[in-house]
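Coordinates from upload_1.csv are shown below (CSV, C-alpha atoms and all ligand atoms).
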chain,number,residue,atom,x,y,z
T,262,MET,CA,-55.6,102.4,86.5
T,263,LYS,CA,-59.3,101.7,86.2
T,264,PHE,CA,-61.9,102.4,83.6
T,265,GLU,CA,-65.5,102.7,84.9
T,266,PRO,CA,-67.9,101.7,82.1
T,267,ALA,CA,-71.4,103.3,81.9
T,268,LYS,CA,-73.0,99.9,82.6
T,269,ARG,CA,-71.6,96.9,84.4
T,270,PRO,CA,-70.5,94.3,81.9
T,271,LEU,CA,-72.6,91.1,82.4
T,272,THR,CA,-69.5,89.1,81.5
T,273,GLY,CA,-67.8,90.4,84.6
T,274,GLU,CA,-70.5,89.0,86.9
T,275,THR,CA,-70.1,85.9,89.0
T,276,LEU,CA,-73.2,83.8,89.9
T,277,GLU,CA,-73.0,85.3,93.4
T,278,SER,CA,-72.7,88.9,92.4
T,279,LEU,CA,-75.5,88.7,89.8
T,280,ALA,CA,-77.7,86.8,92.3
T,281,SER,CA,-77.2,89.5,94.9
T,282,SER,CA,-78.1,92.3,92.5
T,283,LEU,CA,-81.2,90.3,91.5
T,284,ALA,CA,-82.1,89.7,95.1
T,285,GLU,CA,-82.0,93.4,95.8
T,286,ARG,CA,-84.6,93.8,93.2
T,287,GLY,CA,-86.7,91.1,94.7
T,288,GLU,CA,-86.1,88.5,91.9
T,289,LYS,CA,-86.2,84.8,92.5
T,290,PRO,CA,-82.8,83.2,93.1
T,291,PHE,CA,-82.9,80.9,90.1
T,292,ARG,CA,-82.9,83.8,87.7
T,293,ALA,CA,-79.2,84.4,88.0
T,294,ARG,CA,-78.3,81.0,86.7
T,295,GLN,CA,-81.0,81.3,84.0
T,296,ILE,CA,-79.4,84.5,82.7
T,297,LEU,CA,-75.9,83.2,82.8
T,298,ASP,CA,-77.1,80.1,81.0
T,299,TRP,CA,-78.4,82.3,78.2
T,300,VAL,CA,-75.0,84.1,78.0
T,301,TYR,CA,-72.6,81.1,78.1
T,302,LYS,CA,-74.6,78.0,77.1
T,303,LYS,CA,-77.0,79.4,74.6
T,304,ARG,CA,-75.0,82.4,73.4
T,305,ALA,CA,-77.8,84.9,73.5
T,306,ARG,CA,-76.8,88.0,71.6
T,307,SER,CA,-79.6,90.3,72.9
T,308,TRP,CA,-81.8,90.6,76.0
T,309,ASP,CA,-84.8,89.8,73.9
T,310,ASP,CA,-83.3,86.4,73.1
T,311,MET,CA,-83.8,85.5,76.7
T,312,THR,CA,-87.4,84.5,76.2
T,313,ASN,CA,-88.0,82.8,79.5
T,314,LEU,CA,-87.3,86.0,81.4
T,315,PRO,CA,-90.2,88.4,82.2
T,316,LYS,CA,-90.2,91.6,80.0
T,317,GLY,CA,-89.8,93.8,83.1
T,318,LEU,CA,-86.7,92.0,84.1
T,319,ARG,CA,-85.2,92.1,80.7
T,320,SER,CA,-85.6,95.9,80.5
T,321,TRP,CA,-84.0,96.2,84.0
T,322,LEU,CA,-81.1,94.1,82.8
T,323,ASP,CA,-80.7,96.2,79.7
T,324,ALA,CA,-80.6,99.4,81.8
T,325,THR,CA,-78.2,97.9,84.3
T,326,PHE,CA,-75.7,95.7,82.4
T,327,ALA,CA,-73.8,95.7,79.1
T,328,LEU,CA,-74.5,92.3,77.6
T,329,MET,CA,-71.2,92.5,75.6
T,330,PRO,CA,-68.5,95.1,76.5
T,331,ALA,CA,-66.4,94.4,73.5
T,332,SER,CA,-67.5,94.8,69.9
T,333,LEU,CA,-65.9,93.0,66.9
T,334,VAL,CA,-64.2,95.4,64.6
T,335,LEU,CA,-62.4,92.9,62.4
T,336,ASN,CA,-62.0,89.2,62.1
T,337,ARG,CA,-58.8,88.5,60.2
T,338,HIS,CA,-59.2,84.9,59.2
T,339,SER,CA,-55.8,84.0,57.7
T,340,ALA,CA,-54.7,81.2,55.5
T,341,ASP,CA,-52.1,80.1,58.0
T,342,VAL,CA,-52.9,78.8,61.5
T,343,THR,CA,-53.8,82.0,63.3
T,344,ASP,CA,-57.0,84.1,63.2
T,345,LYS,CA,-57.1,87.5,64.9
T,346,LEU,CA,-60.1,89.2,66.3
T,347,LEU,CA,-59.8,93.0,66.7
T,348,LEU,CA,-62.1,94.1,69.4
T,349,GLU,CA,-63.2,97.6,70.4
T,350,LEU,CA,-63.9,98.4,74.0
T,351,GLU,CA,-66.4,101.0,75.3
T,352,ASP,CA,-63.7,103.7,75.7
T,353,GLY,CA,-62.5,103.1,72.1
T,354,SER,CA,-59.4,101.0,73.2
T,355,LEU,CA,-58.6,98.3,70.8
T,356,ILE,CA,-57.4,94.8,71.8
T,357,GLU,CA,-56.7,91.7,69.8
T,358,THR,CA,-57.6,88.1,70.6
T,359,VAL,CA,-55.9,85.4,68.7
T,360,ILE,CA,-57.1,81.9,67.7
T,361,ILE,CA,-54.3,79.5,67.0
T,362,ARG,CA,-55.1,76.3,65.2
T,363,ALA,CA,-52.7,73.4,65.4
T,364,PRO,CA,-53.9,71.0,62.7
T,365,GLN,CA,-54.0,67.4,63.6
T,366,ASP,CA,-52.6,65.0,61.1
T,367,GLY,CA,-55.1,63.9,58.5
T,368,VAL,CA,-58.2,65.6,59.9
T,369,GLY,CA,-57.9,69.1,58.5
T,370,VAL,CA,-58.1,72.5,60.1
T,371,ASP,CA,-61.7,72.4,61.3
T,372,HIS,CA,-60.8,69.5,63.6
T,373,SER,CA,-57.6,71.1,64.8
T,374,ARG,CA,-56.8,71.9,68.4
T,375,LYS,CA,-57.6,75.5,69.1
T,376,THR,CA,-55.7,77.7,71.5
T,377,ILE,CA,-57.1,81.1,72.4
T,378,CYS,CA,-54.8,83.8,73.4
T,379,ILE,CA,-56.3,86.6,75.5
T,380,SER,CA,-55.1,90.1,76.7
T,381,THR,CA,-55.3,91.5,80.2
T,382,GLN,CA,-54.3,95.1,79.7
T,383,VAL,CA,-54.3,97.8,77.0
T,384,GLY,CA,-50.5,98.2,76.6
T,385,CYS,CA,-48.1,97.0,79.2
T,386,ALA,CA,-46.0,98.8,81.8
T,387,MET,CA,-43.2,96.3,82.1
T,388,GLY,CA,-41.1,97.7,79.3
T,389,CYS,CA,-39.3,94.6,78.0
T,390,VAL,CA,-37.2,96.0,75.3
T,391,PHE,CA,-38.0,93.4,72.6
T,392,CYS,CA,-41.8,93.5,73.0
T,393,ALA,CA,-44.3,95.4,70.9
T,394,SER,CA,-46.9,95.4,73.7
T,395,GLY,CA,-44.9,97.7,75.9
T,396,LEU,CA,-43.8,100.2,73.3
T,397,GLU,CA,-46.3,102.8,74.3
T,398,GLY,CA,-46.5,101.9,78.0
T,399,LEU,CA,-49.7,101.0,79.9
T,400,LYS,CA,-53.0,102.6,78.9
T,401,ARG,CA,-55.2,100.8,81.3
T,402,ASP,CA,-56.1,97.4,82.9
T,403,LEU,CA,-58.9,95.4,81.4
T,404,GLY,CA,-61.9,94.6,83.6
T,405,ALA,CA,-62.8,91.0,84.3
T,406,GLY,CA,-65.8,91.5,82.0
T,407,GLU,CA,-63.6,92.6,79.1
T,408,ILE,CA,-61.3,89.6,79.6
T,409,VAL,CA,-64.2,87.1,79.5
T,410,ALA,CA,-65.8,89.0,76.6
T,411,GLN,CA,-62.8,88.1,74.4
T,412,LEU,CA,-63.5,84.4,74.8
T,413,LEU,CA,-67.2,84.9,74.2
T,414,GLN,CA,-66.4,86.8,71.0
T,415,VAL,CA,-64.2,83.9,69.9
T,416,CYS,CA,-67.2,81.6,70.5
T,417,TYR,CA,-69.4,83.8,68.4
T,418,ALA,CA,-66.9,83.9,65.6
T,419,GLU,CA,-66.4,80.1,65.7
T,420,ASP,CA,-70.1,79.4,65.9
T,421,ALA,CA,-70.6,81.6,62.8
T,422,ARG,CA,-67.7,79.9,60.9
T,423,THR,CA,-69.1,76.4,61.4
T,424,PRO,CA,-72.8,76.5,62.0
T,425,ARG,CA,-73.8,73.6,64.2
T,426,ALA,CA,-76.7,72.5,66.3
T,427,ARG,CA,-77.2,74.3,69.5
T,428,ALA,CA,-76.0,71.4,71.5
T,429,GLU,CA,-72.7,71.5,69.7
T,430,LEU,CA,-71.6,75.0,70.0
T,431,ALA,CA,-68.0,75.7,69.1
T,432,SER,CA,-65.4,75.2,71.8
T,433,PHE,CA,-61.7,75.4,72.1
T,434,ASP,CA,-58.9,73.3,73.8
T,435,ASN,CA,-56.6,75.7,75.6
T,436,ILE,CA,-56.5,79.3,76.8
T,437,VAL,CA,-53.2,81.1,77.1
T,438,VAL,CA,-53.0,84.5,78.9
T,439,MET,CA,-50.2,85.6,76.7
T,440,GLY,CA,-51.7,88.6,74.8
T,441,MET,CA,-51.2,92.2,75.5
T,442,GLY,CA,-50.3,93.1,79.1
T,443,GLU,CA,-48.8,91.6,82.2
T,444,PRO,CA,-51.6,89.4,83.7
T,445,LEU,CA,-50.3,89.3,87.2
T,446,ALA,CA,-50.2,93.2,87.3
T,447,ASN,CA,-54.0,93.0,86.9
T,448,TYR,CA,-54.4,90.2,89.4
T,449,ASP,CA,-57.9,90.7,90.8
T,450,ALA,CA,-59.5,91.1,87.4
T,451,LEU,CA,-57.5,88.1,86.0
T,452,ILE,CA,-58.7,85.8,88.8
T,453,ARG,CA,-62.2,87.0,88.6
T,454,ALA,CA,-62.3,86.5,84.8
T,455,LEU,CA,-60.7,83.0,85.0
T,456,THR,CA,-63.1,82.0,87.8
T,457,ILE,CA,-66.0,82.9,85.4
T,458,VAL,CA,-64.3,81.1,82.6
T,459,ASN,CA,-63.9,78.0,84.8
T,460,ALA,CA,-67.2,77.9,86.6
T,461,ASP,CA,-70.0,75.5,85.6
T,462,TRP,CA,-72.4,78.5,85.3
T,463,GLY,CA,-69.8,80.2,83.1
T,464,LEU,CA,-67.8,78.8,80.2
T,465,GLY,CA,-67.1,75.6,82.2
T,466,PHE,CA,-63.5,75.6,81.0
T,467,GLY,CA,-61.0,73.4,82.9
T,468,ALA,CA,-58.4,75.4,84.9
T,469,ARG,CA,-55.7,72.9,83.8
T,470,ARG,CA,-56.2,74.0,80.2
T,471,ILE,CA,-55.5,77.6,81.1
T,472,THR,CA,-51.9,78.9,81.1
T,473,VAL,CA,-51.0,82.3,82.7
T,474,SER,CA,-47.8,83.8,81.4
T,475,THR,CA,-45.8,86.3,83.4
T,476,SER,CA,-42.7,88.3,83.1
T,477,GLY,CA,-41.9,87.4,86.7
T,478,LEU,CA,-43.9,89.4,89.4
T,479,VAL,CA,-42.6,87.3,92.3
T,480,PRO,CA,-45.2,88.1,95.0
T,481,LYS,CA,-48.0,87.5,92.6
T,482,ILE,CA,-46.6,84.2,91.5
T,483,ILE,CA,-46.6,83.1,95.1
T,484,ARG,CA,-50.2,84.3,95.5
T,485,LEU,CA,-51.2,82.4,92.3
T,486,ALA,CA,-49.7,79.3,93.8
T,487,ASP,CA,-52.3,79.6,96.6
T,488,GLU,CA,-55.3,80.0,94.3
T,489,PRO,CA,-57.7,77.0,94.6
T,490,LEU,CA,-58.0,76.7,90.8
T,491,GLY,CA,-54.9,75.0,89.4
T,492,PHE,CA,-53.9,77.2,86.5
T,493,ARG,CA,-50.8,76.4,84.6
T,494,LEU,CA,-47.9,78.8,84.7
T,495,ALA,CA,-45.4,80.0,82.1
T,496,ILE,CA,-42.5,82.3,82.9
T,497,SER,CA,-41.0,84.7,80.4
T,498,LEU,CA,-37.4,84.0,81.3
T,499,HIS,CA,-35.5,85.1,78.2
T,500,GLY,CA,-32.2,85.4,80.0
T,501,ALA,CA,-30.4,82.7,82.0
T,502,THR,CA,-28.3,85.1,84.0
T,503,ASP,CA,-29.2,88.3,85.7
T,504,GLU,CA,-26.8,90.2,83.5
T,505,VAL,CA,-28.5,89.1,80.3
T,506,ARG,CA,-32.1,89.2,81.6
T,507,ALA,CA,-31.7,92.7,83.2
T,508,ARG,CA,-30.6,94.0,79.9
T,509,ILE,CA,-33.9,93.1,78.2
T,510,MET,CA,-36.4,92.9,81.0
T,511,PRO,CA,-36.4,95.8,83.5
T,512,ILE,CA,-38.4,93.7,86.0
T,513,ASN,CA,-35.3,91.7,86.6
T,514,LYS,CA,-34.0,94.6,88.8
T,515,ALA,CA,-36.8,94.2,91.2
T,516,TYR,CA,-37.0,90.4,91.0
T,517,PRO,CA,-33.7,88.9,90.0
T,518,LEU,CA,-33.3,85.2,89.4
T,519,ALA,CA,-32.4,84.6,93.0
T,520,LYS,CA,-36.0,85.6,93.8
T,521,LEU,CA,-37.8,84.5,90.7
T,522,LEU,CA,-36.6,80.9,90.6
T,523,PRO,CA,-37.5,80.0,94.1
T,524,ALA,CA,-41.0,81.4,93.5
T,525,VAL,CA,-41.3,79.2,90.4
T,526,ARG,CA,-40.3,76.2,92.5
T,527,THR,CA,-42.9,77.1,95.1
T,528,PHE,CA,-45.5,77.2,92.4
T,529,SER,CA,-44.6,73.9,90.8
T,530,GLU,CA,-44.2,72.1,94.1
T,531,ARG,CA,-47.7,73.2,95.2
T,532,HIS,CA,-49.3,72.2,91.9
T,533,GLY,CA,-47.2,69.1,91.2
T,534,ARG,CA,-47.0,70.1,87.5
T,535,MET,CA,-44.4,71.3,85.2
T,536,VAL,CA,-43.9,75.1,84.7
T,537,THR,CA,-43.0,76.3,81.3
T,538,LEU,CA,-40.0,78.6,80.8
T,539,GLU,CA,-40.4,80.7,77.7
T,540,PHE,CA,-37.1,81.7,76.1
T,541,ILE,CA,-37.1,83.9,73.1
T,542,LEU,CA,-34.0,83.5,71.1
T,543,ILE,CA,-32.6,86.9,70.1
T,544,GLU,CA,-29.4,87.1,68.1
T,545,GLY,CA,-26.4,88.3,69.9
T,546,VAL,CA,-28.4,88.9,73.1
T,547,ASN,CA,-29.2,85.6,74.7
T,548,ASP,CA,-28.4,83.0,72.1
T,549,SER,CA,-24.9,82.0,73.3
T,550,MET,CA,-24.0,78.4,74.2
T,551,ASP,CA,-23.2,79.7,77.7
T,552,GLN,CA,-26.8,80.9,78.1
T,553,ALA,CA,-28.0,77.5,76.8
T,554,ARG,CA,-26.0,75.6,79.4
T,555,ARG,CA,-27.2,77.9,82.2
T,556,LEU,CA,-30.8,77.6,81.0
T,557,ARG,CA,-30.3,73.8,80.9
T,558,ASP,CA,-29.2,73.9,84.6
T,559,ILE,CA,-32.1,76.1,85.6
T,560,SER,CA,-34.7,73.9,83.9
T,561,LEU,CA,-33.2,70.6,85.2
T,562,ASP,CA,-33.2,72.1,88.7
T,563,LEU,CA,-36.8,73.3,88.5
T,564,HIS,CA,-38.0,70.3,86.4
T,565,ALA,CA,-39.4,72.8,84.0
T,566,HIS,CA,-40.4,72.5,80.3
T,567,VAL,CA,-38.5,74.9,78.0
T,568,ASN,CA,-40.2,76.6,75.1
T,569,LEU,CA,-37.6,78.2,72.8
T,570,ILE,CA,-39.2,80.8,70.6
T,571,PRO,CA,-37.2,82.3,67.7
T,572,TYR,CA,-37.8,86.1,68.0
T,573,ASN,CA,-40.3,87.7,65.7
T,574,THR,CA,-39.1,91.0,64.4
T,575,VAL,CA,-41.0,94.0,65.5
T,576,GLU,CA,-41.2,97.1,63.3
T,577,GLY,CA,-39.0,99.8,64.7
T,578,LEU,CA,-37.0,97.5,67.0
T,579,PRO,CA,-33.4,96.3,66.2
T,580,TRP,CA,-33.6,92.7,67.4
T,581,LYS,CA,-33.7,89.6,65.2
T,582,ARG,CA,-33.8,85.8,65.5
T,583,PRO,CA,-30.6,83.8,65.2
T,584,GLU,CA,-29.9,81.6,62.2
T,585,VAL,CA,-31.6,78.2,62.3
T,586,VAL,CA,-28.3,76.3,62.9
T,587,ARG,CA,-27.7,78.4,66.0
T,588,GLN,CA,-31.3,77.8,67.2
T,589,LEU,CA,-30.8,74.1,66.8
T,590,ALA,CA,-27.4,74.1,68.5
T,591,PHE,CA,-29.0,75.9,71.5
T,592,ALA,CA,-31.9,73.5,71.7
T,593,ASP,CA,-29.5,70.5,71.4
T,594,ILE,CA,-27.6,71.5,74.5
T,595,LEU,CA,-30.9,71.3,76.5
T,596,GLU,CA,-32.2,68.2,74.7
T,597,ARG,CA,-29.0,66.2,75.2
T,598,SER,CA,-29.3,66.6,79.0
T,599,GLY,CA,-32.8,65.4,79.0
T,600,VAL,CA,-34.6,68.7,79.3
T,601,SER,CA,-38.1,68.7,77.9
T,602,VAL,CA,-37.8,71.3,75.2
T,603,THR,CA,-39.7,72.6,72.2
T,604,LEU,CA,-38.4,74.8,69.4
T,605,ARG,CA,-40.9,75.8,66.9
T,606,ARG,CA,-40.0,77.2,63.6
T,607,GLU,CA,-43.1,77.1,61.4
T,608,LYS,CA,-44.8,80.5,60.9
T,609,GLY,CA,-47.6,81.1,63.3
T,610,HIS,CA,-47.4,77.8,65.1
T,611,ASP,CA,-45.8,79.1,68.2
T,612,ILE,CA,-48.4,80.3,70.6
T,613,ALA,CA,-46.2,82.7,72.5
T,614,ALA,CA,-44.7,84.2,69.4
T,615,ALA,CA,-48.0,84.4,67.6
T,616,CYS,CA,-49.8,86.2,70.4
T,617,GLY,CA,-47.1,87.8,72.4
T,618,GLN,CA,-47.0,90.9,70.2
T,619,LEU,CA,-50.6,91.8,69.6
T,620,ARG,CA,-50.0,95.4,70.3
T,621,LEU,CA,-48.1,96.6,67.3
T,622,LYS,CA,-50.7,97.9,65.0
T,623,THR,CA,-53.9,98.0,67.1
T,624,GLU,CA,-53.9,101.5,68.5
T,625,ARG,CA,-52.2,102.9,65.4
T,626,GLU,CA,-54.9,101.5,63.3
T,627,ARG,CA,-57.5,103.3,65.3
T,628,GLY,CA,-59.2,105.8,63.1
T,629,ASP,CA,-57.1,104.5,60.2
T,630,SER,CA,-59.3,104.1,57.1
T,631,ARG,CA,-57.7,100.8,56.4
T,632,VAL,CA,-59.6,99.2,59.2
T,633,ALA,CA,-62.9,100.4,57.7
T,634,ALA,CA,-61.8,99.3,54.3
T,635,GLU,CA,-60.9,95.8,55.5
T,636,VAL,CA,-64.2,95.4,57.4
T,637,SER,CA,-66.2,96.3,54.3
T,638,THR,CA,-64.3,93.9,52.0
Q,701,LIG,N1,-46.7,89.8,79.9
Q,701,LIG,C1,-46.7,88.4,79.9
Q,701,LIG,C2,-47.7,87.8,78.9
Q,701,LIG,C3,-47.7,88.4,77.5
Q,701,LIG,S1,-46.3,88.3,76.5
Q,701,LIG,C4,-45.3,87.8,79.7
Q,701,LIG,O1,-44.4,88.6,79.4
Q,701,LIG,O2,-45.2,86.6,79.9
Q,701,LIG,C5,-46.4,86.6,75.9
Q,701,LIG,C6,-45.1,86.0,75.4
Q,701,LIG,O3,-44.6,86.6,74.1
Q,701,LIG,C7,-43.9,86.3,76.4
Q,701,LIG,O4,-43.1,85.2,76.6
Q,701,LIG,C8,-43.2,87.4,75.6
Q,701,LIG,O5,-41.9,87.5,76.1
Q,701,LIG,C9,-43.3,86.9,74.2
Q,701,LIG,N2,-42.9,87.9,73.1
Q,701,LIG,C10,-43.1,89.2,73.2
Q,701,LIG,N3,-42.6,89.8,72.1
Q,701,LIG,C11,-42.2,88.8,71.3
Q,701,LIG,C12,-41.6,88.7,70.0
Q,701,LIG,N4,-41.4,89.8,69.3
Q,701,LIG,N5,-41.3,87.5,69.5
Q,701,LIG,C13,-41.5,86.4,70.1
Q,701,LIG,N6,-42.1,86.4,71.4
Q,701,LIG,C14,-42.4,87.6,71.9
Q,702,LIG,FE1,-45.3,93.3,78.9
Q,702,LIG,FE2,-44.9,90.6,78.6
Q,702,LIG,FE3,-44.3,92.4,76.6
Q,702,LIG,FE4,-42.8,92.3,78.8
Q,702,LIG,S1,-43.1,90.6,77.3
Q,702,LIG,S2,-43.6,94.2,77.8
Q,702,LIG,S3,-44.3,91.9,80.4
Q,702,LIG,S4,-46.4,92.0,77.5
Take the structure I supplied and represent it as C-alpha cells, if you would.
Amino acid sequence: MKFEPAKRPLTGETLESLASSLAERGEKPFRARQILDWVYKKRARSWDDMTNLPKGLRSWLDATFALMPASLVLNRHSADVTDKLLLELEDGSLIETVIIRAPQDGVGVDHSRKTICISTQVGCAMGCVFCASGLEGLKRDLGAGEIVAQLLQVCYAEDARTPRARAELASFDNIVVMGMGEPLANYDALIRALTIVNADWGLGFGARRITVSTSGLVPKIIRLADEPLGFRLAISLHGATDEVRARIMPINKAYPLAKLLPAVRTFSERHGRMVTLEFILIEGVNDSMDQARRLRDISLDLHAHVNLIPYNTVEGLPWKRPEVVRQLAFADILERSGVSVTLRREKGHDIAAACGQLRLKTERERGDSRVAAEVST
C-alpha cells in the first residue's frame, strides 16, 4: 500500500539520491550536502532560508520537493512526562509522535532524558486484540520521508520550547519505533528512514540509541540482523506459550514461538547485545504464575531483558491490567532467577505503554471541531 505524494519529500532523500537528482540538473556535487545541512543542522523552515543557494536552484527545489511532508496540527504538552505531536500528512492522514521525558534526579524536566516514539504506518494490519493501533486495520504505509519528518517536527517543537543558540539545537537521547504500525511490515521505508536519521549528513543519530519494536515478523527479524547499522530490537512477546500468544496476537499462527525465538537468538548473537522482550500484563489473559515461569525460562535462554508493562485500557476493549500485587508477584518470579526485568507503574513513564497506542483518537478526531478548538487555545 503506497501513497504517491505530489512532490518528493526532501526528508526521504539520501545524500546519494539527492546528489543524483542535482547532477541530472547539472548542479555541482557539493550542493546536496549543503541542502541537507540546511535541513538537519540548521533546521531551515523554508527554501528562502537557504541563503547560500542560487535563486534558480531554490525555485527548482521548491517545484520538485516538499520540504516538510507533515504539518503540525497540535502539540499537547502535558504536565506529566509525555508530549504528543499530532501531525497531518499530505493525504489528510493523522499520526502522532510522542516525546517521553524521564526526569533525572535533581536536574528537572528540561534536562531529562528524551525518548522519541515514532510511527511507521497509518493503522496496523497485525490485528493484536489488545491494541488500539490495529482497531481499524491498515490504512497505508508511511514513506521514509514521513518517518523522518516526525523527528524533525520534534526538533522544531523542542527548539521552540527552549530557544537556544544555533550551535545548541535541541536533541534527544533515544528513538523507539513503537508508535502506530508494524515497522518490519514497512521494511524498506523503515531502513531508508533510519539510514537518514543515522547518517552524518542527516540527523547524525547513533544506531545503538534506536530501538525497533516488532510483533514478530520472523523473516524480517533475520533480515534486520544482517543490516550493517546495529539497531536495537524489542519483541512484543505478550504470551509465553503459543496457546496464550495466539489468542491475543494473530501473527503467532504464522510465526509461532518455535520460529520466533530462534530468530531472536540469531539477532542477538549477531549483534552481541541484549534484545528486549516486551510483555504487557493483561488480567486473566497472560498474568498467571505459569506464564511468569515460562517467560523466565525464555528470557534466561535468550539472555534477554524483560520489560513488563501493565496494560493500559483502551476505550471499547474489554482488557485491563492486573492488580499491583499480582504484577509484583509476576516480576518477582523473573527477578529471583536473575532475569534483567523492569516493571514500570508510574503513569506515562513506560515508553511502550505511552506510545504503543497512539491510534485511538487520531483519525476519529479528524474533522472534529475539538482539534481546532484545542489548537486555538
Ligand atoms: N507493532 C510494533 C510496534 C508498535 S506497538 C509492535 O507490536 O511491537 C508498541 C508496543 O506497545 C508493543 O509492545 C505493543 O504490544 C504495546 N501496546 C499496544 N497496546 C498497548 C496497551 N493498550 N497497553 C500497553 N502496551 C500496549
Ligand atoms: Fe500492530 Fe504492534 Fe498494535 Fe500489534 S501491537 S496491532 S503489531 S501496532
Legend entry - Cut-off 6 Å, all atoms listed in the file, neighbours of ligand LIG 701 (chain Q) as an MDAnalysis selection string: chainID T and resid 391:393 439:443 474:476 496:497 539 541 572:575 613:614 617:618
Legend entry - Given only C-alpha atoms as the counted atoms, nearest of T:Ala450, T:Ala324, T:Leu589, T:Ile512 to Trp308 of chain T: T:Ala324
Inset, instruction - Return the single residue from T:Val390, T:Ala410, T:Val415, T:Leu279 that is closest to Arg508 of chain T, with distances computed using only C-alpha atoms. - result: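 That would be T:Val390, the residue with the smallest distance to Arg508 of chain T.
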Inset, instruction - Please identify all polymer residues lying at most 12 Å from the point (-62.8, 78.6, 82.8) (file coordinates), using all atoms listed in the file, and present the result as a ChimeraX atom specification. - result: /T:301,408-409,412-413,432-437,451-472,490-492
Legend entry - Shell of 10 Å around Gly545 of chain T, all atoms listed in the file, local chain residues under 4 positions omitted, as a PyMOL selection string: chain T and resi 549+580-583
Inset, instruction - Work out how far apart atom CA of Leu478 of chain T and atom CA of Lys400 of chain T are and give it in Å to one decimal. - result: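 Separation of atom CA of Leu478 of chain T and atom CA of Lys400 of chain T: 19.2 Å.
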Inset, instruction - Would you work out the distance separating atom CA of Asp344 of chain T from atom CA of Val359 of chain T, expressed in Å to one decimal? - result: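 Between atom CA of Asp344 of chain T and atom CA of Val359 of chain T the gap is 5.8 Å.
Distances here use all atoms listed in the file; by that measure, the residue among T:Val602, T:Met387, T:Val546, T:Leu498 closest to ligand LIG 702 (chain Q) is T:Met387.
Our summary of the geometry notes that atom CA of Ile543 of chain T is positioned 9.9 Å from atom CA of Glu584 of chain T.
Distance check against Glu419 of chain T using only C-alpha atoms: of T:Arg304, T:Arg554, T:Arg526, T:Arg484, the minimum falls on T:Arg304.
Across T:Ala363, T:Cys385, T:Leu347, T:Ala565, the tightest approach to ligand LIG 702 (chain Q) is made by T:Cys385 when counting only C-alpha atoms and all ligand atoms.
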Legend entry - Contact residues around segment 262-273 of chain T with all atoms listed in the file at 8 Å, ignoring same-chain residues under 5 positions, as JSON, numbers by chain: {"T": [324, 325, 326, 327, 328, 329, 330, 351, 352, 401, 402, 403, 404, 405, 406, 407, 409, 410, 453, 454, 457]}
Produce the centre coordinates and the three edge lengths, each in Å to one decimal, of the box along x, y and z that contains all listed atoms of ligand LIG 702 (chain Q) with 5 Å added on each side, as AutoDock Vina command-line options.
--center_x -44.6 --center_y 92.4 --center_z 78.5 --size_x 13.6 --size_y 13.6 --size_z 13.8
Inset, instruction - Compare T:Thr275, T:Gln382, T:Ser339, T:Gln295 by their minimum atom-to-atom distance to ligand LIG 702 (chain Q), counting only C-alpha atoms and all ligand atoms, and give me the closest one. - result: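 Of T:Thr275, T:Gln382, T:Ser339, T:Gln295, the one nearest ligand LIG 702 (chain Q) is T:Gln382, counting only C-alpha atoms and all ligand atoms.
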Legend entry - Ala486 of chain T surroundings by all atoms listed in the file, 9 Å radius, close-in-sequence under 5 positions cut, as a list in words: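 Residues meeting the cut-off are Lys481, Gly491, Phe492, Ala524, Thr527, Phe528, Ser529, Arg531 and His532 of chain T.
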